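Asker: Quick one: the structure is below, and I'll ask about it shortly.
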Number of protein chains: 2
Amino acid sequence: MRDELTHAVEDYLKIIYDLTQSQGRASTTQIATALEVTPASVTGMIKKLAATCPPLLEYQRHRGVVLTPEGEKIALEIIRHHRLLELFLYETLGYSWDEVDAEADRLEHVISEEFESRITAVLGDPTHDPHGDPIPSPDLEMPSHATLCLRELRPKQSGTIQRVRDGDAELLRFLHAHGVVPQAGFTVLAYEPFDGNLTLQIEGRPAPVVLGPRVTRQIFVERIEEEQIP
Amino acid sequence: MRDELTHAVEDYLKIIYDLTQSQGRASTTQIATALEVTPASVTGMIKKLAATCPPLLEYQRHRGVVLTPEGEKIALEIIRHHRLLELFLYETLGYSWDEVDAEADRLEHVISEEFESRITAVLGDPTHDPHGDPIPSPDLEMPSHATLCLRELRPKQSGTIQRVRDGDAELLRFLHAHGVVPQAGFTVLAYEPFDGNLTLQIEGRPAPVVLGPRVTRQIFVERIEEEQIP
DNA sequence: CACCAAATTTAGTCTAACCTAAATATTGAT
DNA sequence: ATCAATATTTAGGTTAGACTAAATTTGGTG
Ligand SMILES: [Mn+2]
Ligand SMILES: [Mn+2]
Ligand SMILES: [Mn+2]
Ligand SMILES: [Mn+2]
């Protein structure tokens with residue numbers, strides 16, 4: 001199909017896709033932080049990616065980048081590989097949910113379309129990875145997903161955990177130990193304005209858990225409206 | 001354990017291991033041909049690999065290379081990855097035996113020891129890949145394997161197919177279509193000295209098959225001594 | 001035993017992707 | 001509006017791994 005892209009280019013596009021989902025554009029420094037390279041390296045790479053034919057991103061000096069449709073397509077292919085692989089490692093090979101991200105980060109660049117379609121079949125055309133993130137469909141449509149951050153909720157509000165950022169393995173082990181996993185129901189019991197801590201009762205758990213903002217920022221939820229009490 | 005090696009280095013060591021199994025040393029040109037790079041590139045790389053601490057191979061100008069024990073250990077790790085992956089793709093994901101080599105050639109460099117041990121468990125600690133090649137054990141001992149080439153056999157001699165070189169997908173499809181697969185029993189019916197053709201009756205097959213030397217050179221067998229007829 | 005063809009090495013380039021240090025642009029606070 | 005802090009770009013350099021073209025070594029043959 002397309003001429004081969006390097007792993008580095010694929011990682012840039014994947015990260016830029018993520019960053020531009022939240023904000024409108026991705027800045028040099030944000031990209032550099034996410035990829036653990038220097039801002040100078042990012043400037044060099046994005047200039048190159050903006051100069052390809054067709055361009056993979058649109059770049060304005062000092063103003064960051066957005067992906068072009070071509071760049072977005074490639075980003076979605078890689079994200080599909082990544083999330084399918086995570087689920088495959090989790091379901092078929094018995095990995096725990098804190099181990100899959102690192103392995104998928106390397107495998108995503110080397111599997112063939114054949115491999116992709118074989119594991120899709122084994123997994124039954126799945127729509128979500130082990131952290132609740134949506135898997136782009138085979139024709140690269142990204143399913144809609146929860147954007148409400150747990151950090152925004154306040155006491156008495158209820159909901160279900162939808163997805164959890166998967167970059168930090170230690171955080172994932174902590175959350176798993178407390179039952180904070182996709183589909184878990186919860187109610188907010190308390191909020192501390194000073195430190196931003198939230199106390200949560202997870203459904204079916206013996207005791208509540210207290211989560212700081214560094215944690216709640218990584219978790220996305222769906223609200224369940226309280227039954228109206230007159 | 002060891003500081004990361006590049007994919008290129010791993011491919012050099014893997015190929016050099018293969019070449020030195022047949023002959024004593026691997027020449028620059030042989031390595032270049034196998035890796036599809038120029039001889040000049042090979043000279044550059046082997047000088048570097050001979051100069052590492054500890055050296056991964058022993059190099060004499062104009063005289064080719066042999067692996068050191070350290071180089072051989074790395075080669076065996078990669079070969080173990082490769083053959084386990086081939087079997088995994090074949091058994092678990094349903095690949096055909098002509099598709100697995102190309103996919104494993106890319107995956108072998110990126111899977112973790114975790115991945116290796118998970119698929120080892122799924123496959124039940126296997127000893128042979130889909131082409132009959134031996135899989136080095138977890139502590140990197142290479143099982144013994146057939147070294148008798150089918151090309152050497154002559155009429156009336158019988159044996160079983162043990163392994164088939166896996167680099168050429170088209171050849172593998174051809175052999176599969178004629179039942180020339182590991183463990184198949186056969187008897188040589190005829191030999192043509194002029195063109196080197198062998199006519200083989202494969203056990204359980206309706207008709208004999210004629211194989212030229214380009215093919216029989218790729219196949220290794222075990223003899224079965226004929227029952228003594230007085 | 002000298003010479004030629006083949007194999008191999010040397011020398012000089014190239015690209016991809018990273019880096020550091022220095023220069024410059026942007027922005028928000030006075 | 002000014003200026004310092006921050007963000008970004010430029011300039012110059014490194015490493016890995018490849019290439020081509022030009023030397024050089026080797027080994028077999030006349
Ligand atoms: Mn990656
Ligand atoms: Mn994930
Ligand atoms: Mn390889
Ligand atoms: Mn094989």
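For the structure tokens, the naming scheme is as follows: chains receive sequential letters (A, B, ...) according to their order of presentation, residues are indexed from 1 within each chain, and ligands are indexed from 1 in presentation order.
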Check every protein, DNA and RNA residue against ligand 4, keep those with an atom at most 9 Å away (counting only C-alpha atoms (C1' of nucleotides) and all ligand atoms), and present them as a ChimeraX atom specification.
Answerer: /B:82-84,86-87,97,100-101,104,128-134,163-167
Asker: For chain D, report every residue with an atom at most 8 Å from chain A (counting only C-alpha atoms (C1' of nucleotides)), formatted as a PyMOL selection string.
Answerer: chain D and resi 7-9
Asker: Identify all chain B residues at most 12 Å from chain A by counting only C-alpha atoms; ligands do not count. Present them as a PyMOL selection string.
Answerer: chain B and resi 88-90+92-96+99-100+102-123
Asker: Take the selection from the previous step and output its residues with N, CA and C atoms, as a short mmCIF file (atom, residue, chain, number, x, y, z; two decimals), in the first residue's frame.
Answerer:
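Now in part-v3.cif:
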data_model
loop_
_atom_site.label_atom_id
_atom_site.label_comp_id
_atom_site.auth_asym_id
_atom_site.auth_seq_id
_atom_site.Cartn_x
_atom_site.Cartn_y
_atom_site.Cartn_z
N PHE B 88 4.19 -20.77 16.92
CA PHE B 88 3.05 -20.10 17.50
C PHE B 88 2.10 -19.57 16.42
N LEU B 89 2.67 -18.94 15.41
CA LEU B 89 1.84 -18.42 14.32
C LEU B 89 1.10 -19.56 13.63
N TYR B 90 1.80 -20.68 13.50
CA TYR B 90 1.24 -21.83 12.79
C TYR B 90 0.16 -22.51 13.62
N THR B 92 -1.23 -21.57 16.75
CA THR B 92 -2.21 -20.80 17.52
C THR B 92 -2.99 -19.82 16.65
N LEU B 93 -2.33 -19.24 15.65
CA LEU B 93 -3.02 -18.25 14.81
C LEU B 93 -3.42 -18.79 13.45
N GLY B 94 -3.06 -20.05 13.16
CA GLY B 94 -3.54 -20.65 11.93
C GLY B 94 -2.85 -20.22 10.65
N TYR B 95 -1.64 -19.66 10.76
CA TYR B 95 -0.86 -19.37 9.56
C TYR B 95 -0.53 -20.67 8.84
N SER B 96 -0.29 -20.58 7.51
CA SER B 96 0.25 -21.74 6.79
C SER B 96 1.77 -21.72 6.88
N GLU B 99 3.99 -18.95 5.37
CA GLU B 99 3.82 -17.54 5.76
C GLU B 99 4.61 -17.18 7.01
N VAL B 100 4.97 -18.20 7.80
CA VAL B 100 5.46 -17.90 9.15
C VAL B 100 6.86 -17.31 9.19
N ALA B 102 8.54 -15.12 7.26
CA ALA B 102 8.63 -13.67 7.06
C ALA B 102 8.13 -12.91 8.29
N GLU B 103 7.03 -13.37 8.85
CA GLU B 103 6.49 -12.68 10.03
C GLU B 103 7.45 -12.84 11.22
N ALA B 104 7.96 -14.05 11.42
CA ALA B 104 8.87 -14.29 12.55
C ALA B 104 10.16 -13.50 12.40
N ASP B 105 10.59 -13.25 11.15
CA ASP B 105 11.82 -12.50 10.92
C ASP B 105 11.75 -11.09 11.51
N ARG B 106 10.54 -10.53 11.57
CA ARG B 106 10.41 -9.20 12.16
C ARG B 106 10.13 -9.27 13.66
N LEU B 107 9.27 -10.20 14.04
CA LEU B 107 8.89 -10.29 15.46
C LEU B 107 10.05 -10.74 16.36
N GLU B 108 10.93 -11.58 15.83
CA GLU B 108 12.01 -12.16 16.65
C GLU B 108 12.84 -11.12 17.40
N HIS B 109 12.90 -9.90 16.86
CA HIS B 109 13.76 -8.87 17.48
C HIS B 109 13.06 -8.05 18.56
N VAL B 110 11.77 -8.15 18.66
CA VAL B 110 11.06 -7.22 19.55
C VAL B 110 10.31 -7.90 20.70
N ILE B 111 10.17 -9.21 20.67
CA ILE B 111 9.41 -9.82 21.77
C ILE B 111 10.28 -9.88 23.03
N SER B 112 9.61 -9.79 24.19
CA SER B 112 10.30 -9.85 25.48
C SER B 112 10.50 -11.30 25.91
N GLU B 113 11.29 -11.47 26.95
CA GLU B 113 11.45 -12.81 27.53
C GLU B 113 10.11 -13.30 28.08
N GLU B 114 9.31 -12.34 28.55
CA GLU B 114 7.95 -12.66 29.00
C GLU B 114 7.14 -13.29 27.86
N PHE B 115 7.18 -12.65 26.72
CA PHE B 115 6.44 -13.17 25.56
C PHE B 115 6.95 -14.56 25.21
N GLU B 116 8.27 -14.69 25.19
CA GLU B 116 8.86 -15.99 24.86
C GLU B 116 8.35 -17.07 25.80
N SER B 117 8.33 -16.77 27.10
CA SER B 117 7.96 -17.85 28.03
C SER B 117 6.46 -18.11 27.99
N ARG B 118 5.66 -17.08 27.67
CA ARG B 118 4.21 -17.32 27.55
C ARG B 118 3.90 -18.23 26.36
N ILE B 119 4.53 -17.99 25.21
CA ILE B 119 4.20 -18.85 24.07
C ILE B 119 4.83 -20.23 24.25
N THR B 120 5.97 -20.30 24.94
CA THR B 120 6.55 -21.61 25.25
C THR B 120 5.53 -22.44 26.02
N ALA B 121 4.88 -21.79 27.01
CA ALA B 121 3.90 -22.50 27.83
C ALA B 121 2.69 -22.92 26.99
N VAL B 122 2.18 -21.99 26.17
CA VAL B 122 1.03 -22.31 25.34
C VAL B 122 1.33 -23.49 24.42
N LEU B 123 2.55 -23.54 23.92
CA LEU B 123 2.91 -24.58 22.94
C LEU B 123 3.40 -25.86 23.61
#
Asker: Could you write out as number ranges by chain the residues of chain A within 9 Å of chain C, counting only C-alpha atoms (C1' of nucleotides)?
Answerer: A: 6, 8, 37-38, 40-41, 45, 62
Asker: CA of Val215 (chain A) to CA of Thr199 (chain A): how many Å, to one decimal?
Answerer: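 These two atoms are separated by 11.9 Å.
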Asker: Could you state the separation of CA of Ile31 (chain B) and CA of Glu58 (chain B) in Å, given to one decimal place?
Answerer: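 So the two atoms, CA of Ile31 (chain B) and CA of Glu58 (chain B), lie 14.5 Å apart.
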Asker: Per DSSP on the backbone, what are the strand (DSSP E or B) residues of region 64-215 of chain A, as a PyMOL selection string?
Answerer: chain A and resi 65-67+128+134+148-149+158-164+185-191+198-202+209-211
Asker: Quick one, how far is CA of Glu192 (chain A) from CA of Cys149 (chain A)?
Answerer: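 About the pair CA of Glu192 (chain A) and CA of Cys149 (chain A): they are 16.6 Å apart.
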Asker: So that I can check the surroundings of Arg154 (chain B), please list as a compact mmCIF listing (two decimals) with N, CA and C atoms, in the first residue's frame every protein, DNA and RNA residue that reaches within 10 Å of it, counting only C-alpha atoms (C1' of nucleotides) and ignoring chain neighbours fewer than 5 positions away.
Answerer:
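Wrote it out as part_5.txt, contents follow:
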# COMPACT_ATOMS: atom_id res chain seq x y z
N THR B 187 10.37 -43.42 -0.28
CA THR B 187 11.38 -44.30 -0.88
C THR B 187 11.82 -43.67 -2.20
N VAL B 188 13.14 -43.73 -2.45
CA VAL B 188 13.65 -43.21 -3.72
C VAL B 188 13.42 -44.26 -4.79
N LEU B 189 12.74 -43.85 -5.87
CA LEU B 189 12.48 -44.80 -6.95
C LEU B 189 13.52 -44.71 -8.05
N ALA B 190 14.00 -43.48 -8.32
CA ALA B 190 14.90 -43.33 -9.46
C ALA B 190 15.80 -42.13 -9.25
N TYR B 191 16.94 -42.16 -9.92
CA TYR B 191 17.90 -41.05 -9.89
C TYR B 191 18.40 -40.81 -11.30
N GLU B 192 18.40 -39.58 -11.75
CA GLU B 192 18.91 -39.23 -13.07
C GLU B 192 20.25 -38.54 -12.90
N LEU B 198 15.56 -36.65 -8.61
CA LEU B 198 15.21 -37.83 -7.82
C LEU B 198 13.71 -38.07 -7.95
N THR B 199 13.32 -39.32 -8.17
CA THR B 199 11.90 -39.65 -8.14
C THR B 199 11.61 -40.30 -6.80
N LEU B 200 10.61 -39.76 -6.11
CA LEU B 200 10.30 -40.20 -4.75
C LEU B 200 8.87 -40.71 -4.67
Asker: If you run DSSP on this backbone, which residues of region 29-159 of chain B come out as helix (DSSP H, G or I), and could you give them as a CSV table (one decimal) with C-alpha atoms, in the first residue's frame?
Answerer:
chain,number,residue,atom,x,y,z
B,29,THR,CA,30.3,-12.7,0.4
B,30,GLN,CA,28.1,-15.4,1.9
B,31,ILE,CA,26.9,-13.1,4.6
B,32,ALA,CA,26.3,-10.3,2.2
B,33,THR,CA,24.2,-12.6,-0.1
B,34,ALA,CA,22.2,-14.0,2.8
B,35,LEU,CA,21.4,-10.5,4.2
B,39,PRO,CA,30.1,-7.1,0.8
B,40,ALA,CA,31.5,-3.7,1.8
B,41,SER,CA,28.7,-3.3,4.4
B,42,VAL,CA,29.5,-6.7,5.8
B,43,THR,CA,33.2,-5.9,6.2
B,44,GLY,CA,32.2,-2.8,8.2
B,45,MET,CA,29.8,-4.6,10.4
B,46,ILE,CA,32.0,-7.6,11.2
B,47,LYS,CA,34.9,-5.4,12.1
B,48,LYS,CA,32.6,-3.7,14.6
B,49,LEU,CA,31.3,-7.0,16.0
B,50,ALA,CA,34.9,-8.3,16.4
B,69,PRO,CA,30.7,-18.2,22.6
B,70,GLU,CA,29.1,-14.8,23.4
B,71,GLY,CA,28.0,-14.3,19.8
B,72,GLU,CA,26.7,-17.8,19.6
B,73,LYS,CA,24.6,-17.4,22.7
B,74,ILE,CA,22.9,-14.3,21.2
B,75,ALA,CA,22.4,-16.1,17.8
B,76,LEU,CA,20.7,-19.0,19.7
B,77,GLU,CA,18.4,-16.6,21.5
B,78,ILE,CA,17.3,-15.1,18.3
B,79,ILE,CA,16.9,-18.5,16.6
B,80,ARG,CA,14.8,-19.7,19.6
B,81,HIS,CA,12.6,-16.6,19.2
B,82,HIS,CA,12.3,-17.2,15.5
B,83,ARG,CA,11.3,-20.8,15.6
B,84,LEU,CA,9.0,-20.5,18.6
B,85,LEU,CA,7.3,-17.7,16.9
B,86,GLU,CA,6.9,-19.7,13.7
B,87,LEU,CA,5.3,-22.5,15.6
B,88,PHE,CA,3.0,-20.1,17.5
B,89,LEU,CA,1.8,-18.4,14.3
B,90,TYR,CA,1.2,-21.8,12.8
B,91,GLU,CA,-0.4,-23.6,15.7
B,100,VAL,CA,5.5,-17.9,9.2
B,101,ASP,CA,9.1,-17.2,8.3
B,102,ALA,CA,8.6,-13.7,7.1
B,103,GLU,CA,6.5,-12.7,10.0
B,104,ALA,CA,8.9,-14.3,12.5
B,105,ASP,CA,11.8,-12.5,10.9
B,106,ARG,CA,10.4,-9.2,12.2
B,107,LEU,CA,8.9,-10.3,15.5
B,113,GLU,CA,11.5,-12.8,27.5
B,114,GLU,CA,8.0,-12.7,29.0
B,115,PHE,CA,6.4,-13.2,25.6
B,116,GLU,CA,8.9,-16.0,24.9
B,117,SER,CA,8.0,-17.8,28.0
B,118,ARG,CA,4.2,-17.3,27.5
B,119,ILE,CA,4.2,-18.9,24.1
B,120,THR,CA,6.5,-21.6,25.3
B,121,ALA,CA,3.9,-22.5,27.8
B,122,VAL,CA,1.0,-22.3,25.3
B,123,LEU,CA,2.9,-24.6,22.9
B,150,LEU,CA,17.9,-35.7,0.4
B,151,ARG,CA,20.1,-35.0,-2.6
B,152,GLU,CA,22.6,-37.7,-1.5
Asker: Considering only C-alpha atoms and all ligand atoms, can you say which of A:Gln201, A:Thr127, A:Thr68, A:Gln21 comes closest to ligand 2?
Answerer: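 The answer is A:Thr127, which sits nearest to ligand 2.
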